[in-house]
Amino acid sequence: MKVKAVLFDLDGTFADTAPALGLALNMQRERHGLPPLPQEAIRPYASHGTRGLLGIGFGLSPEDAAFAAMREEYLQLYEAVFCRQPVLFEGITEVLQTLERWHMPWGIVTNKPRRFTLPLMEALGLAQRSASIVSGDDCARPKPYPDSLLLASRQMGIAPKDCVYVGDAERDVVAGRAAGMQTVVATYGYLGKDDLPETWNAQGMIVEPRELLSILA
């Protein structure tokens, strides 16, 4: 795979944020008189934002009248816990060190709101090392549209065809392909039992982060 830059999805690909996402959801469930859900039940939905979390937690969809208010309540609860001991997936540190040794810039493209993305990257000590950080509200259309990936490409000054996007959800591959980038699926991420990443037409799949280096070498 001949590329000049690597872009990562954040939740489920770069950082293991499911514990904090699940904690906030269970705090919200407790507020509404519901018992906590086990983390293993929440984890497959952690890459799907509030749409997925409120779906598993309360059976809500964006079309429901209560969704907007519940979404804001959830985000307020998440804001109180999201930077507690953030954790990178094992191997990501080594991947970043190797990319930097290769003088290959890397960045983050996520649907996570910027109010969470930047503080999280700062808590991880990586905000200054990233060549680009694009959040879900930095463009009018988040993934699966290509807008945020194209913005990251412009910020880095590297053509989309020379970038690879690594993500753990089908919308990541859809967005990457629409942007004209190569794509890799992180199967160690928050895949659900119904996900079929082998049908997403990505250029590669990795079961742990360090495998990306073998693809790029």
# chains A, B, ... in the order shown; residues from 1 in each chain; ligands from 1

call {"tool": "closest_atom_pairs", "arguments": {"of": "region 128-168 of chain A", "to": "region 4-20 of chain A", "cutoff": "9 Å", "atoms": "only C-alpha atoms", "output": "CSV"}}
result
residue,atom,partner,partner_atom,distance
A:Ser132,CA,A:Leu7,CA,8.5
A:Leu149,CA,A:Leu7,CA,8.3
A:Ala152,CA,A:Leu7,CA,8.2
A:Ser153,CA,A:Ala5,CA,8.8
A:Met156,CA,A:Ala5,CA,8.4
A:Ile158,CA,A:Lys4,CA,7.3
A:Ala159,CA,A:Lys4,CA,8.8
A:Asp162,CA,A:Lys4,CA,5.3
A:Cys163,CA,A:Ala5,CA,4.9
A:Val164,CA,A:Val6,CA,5.1
A:Tyr165,CA,A:Leu7,CA,4.7
A:Val166,CA,A:Phe8,CA,4.9
A:Gly167,CA,A:Asp9,CA,5.0
A:Asp168,CA,A:Thr13,CA,5.9

call {"tool": "residues_around", "arguments": {"residues": "Leu23 (chain A)", "least_positions_apart": "5", "cutoff": "10 Å", "atoms": "only C-alpha atoms", "output": "VMD selection string"}}
result
chain A and resid 18 28 to 29 36 to 39 42 77 to 78 81 to 82

call {"tool": "residues_around", "arguments": {"residues": "Leu212 (chain A)", "least_positions_apart": "5", "cutoff": "9 Å", "atoms": "only C-alpha atoms", "output": "mmCIF file with N, CA and C atoms, in the first residue's frame"}}
result
data_model
loop_
_atom_site.group_PDB
_atom_site.id
_atom_site.type_symbol
_atom_site.label_atom_id
_atom_site.label_comp_id
_atom_site.auth_asym_id
_atom_site.auth_seq_id
_atom_site.Cartn_x
_atom_site.Cartn_y
_atom_site.Cartn_z
ATOM 1 N N VAL A 95 2.790 2.125 16.638
ATOM 2 C CA VAL A 95 2.450 2.522 15.261
ATOM 3 C C VAL A 95 2.784 3.993 15.038
ATOM 4 N N VAL A 166 -8.130 4.429 8.401
ATOM 5 C CA VAL A 166 -8.298 3.220 9.203
ATOM 6 C C VAL A 166 -9.485 3.427 10.133
ATOM 7 N N VAL A 184 -8.648 0.722 5.468
ATOM 8 C CA VAL A 184 -8.302 -0.468 6.241
ATOM 9 C C VAL A 184 -9.295 -0.584 7.392
ATOM 10 N N GLY A 204 -7.786 -3.486 3.097
ATOM 11 C CA GLY A 204 -7.141 -4.362 4.063
ATOM 12 C C GLY A 204 -7.928 -4.454 5.352
ATOM 13 N N MET A 205 -7.606 -5.477 6.149
ATOM 14 C CA MET A 205 -8.190 -5.643 7.473
ATOM 15 C C MET A 205 -7.061 -6.011 8.430
ATOM 16 N N ILE A 206 -7.120 -5.459 9.633
ATOM 17 C CA ILE A 206 -6.094 -5.749 10.632
ATOM 18 C C ILE A 206 -6.759 -6.190 11.930
ATOM 19 N N ALA A 217 4.577 -1.016 4.985
ATOM 20 C CA ALA A 217 6.031 -1.135 4.758
ATOM 21 C C ALA A 217 6.353 -1.420 3.293
#

call {"tool": "closest_residue", "arguments": {"among": "A:Arg171, A:Thr183, A:Arg129, A:Ile56", "to": "Gln203 (chain A)", "atoms": "only C-alpha atoms"}}
result
A:Thr183

call {"tool": "select_by_dssp", "arguments": {"residues": "region 25-188 of chain A", "states": "alpha helix (DSSP H)", "output": "number ranges by chain"}}
result
A: 25-31, 39-42, 49-58, 67-79, 92-101, 114-123, 147-156, 170-179

call {"tool": "atom_distance", "arguments": {"atom1": "CA of Ser148 (chain A)", "atom2": "CA of Val185 (chain A)"}}
result
17.9 Å

call {"tool": "residues_around", "arguments": {"residues": "Glu170 (chain A)", "least_positions_apart": "5", "cutoff": "12 Å", "atoms": "only C-alpha atoms", "output": "ChimeraX atom specification"}}
result
/A:9,47-48,143-145,165,175-177,183-187,189-192,194-202

call {"tool": "closest_residue", "arguments": {"among": "A:Ser214, A:Arg115, A:Gly59, A:Gly107", "to": "Ala80 (chain A)", "atoms": "only C-alpha atoms"}}
result
A:Arg115

call {"tool": "closest_residue", "arguments": {"among": "A:Pro62, A:Gly49, A:Gly180, A:Pro86", "to": "Gly125 (chain A)", "atoms": "only C-alpha atoms"}}
result
A:Pro86

call {"tool": "closest_residue", "arguments": {"among": "A:Ile108, A:Ala169, A:Leu96, A:Leu124", "to": "Gly136 (chain A)", "atoms": "only C-alpha atoms"}}
result
A:Ile108

call {"tool": "atom_distance", "arguments": {"atom1": "CA of Leu216 (chain A)", "atom2": "CA of Pro105 (chain A)"}}
result
12.9 Å
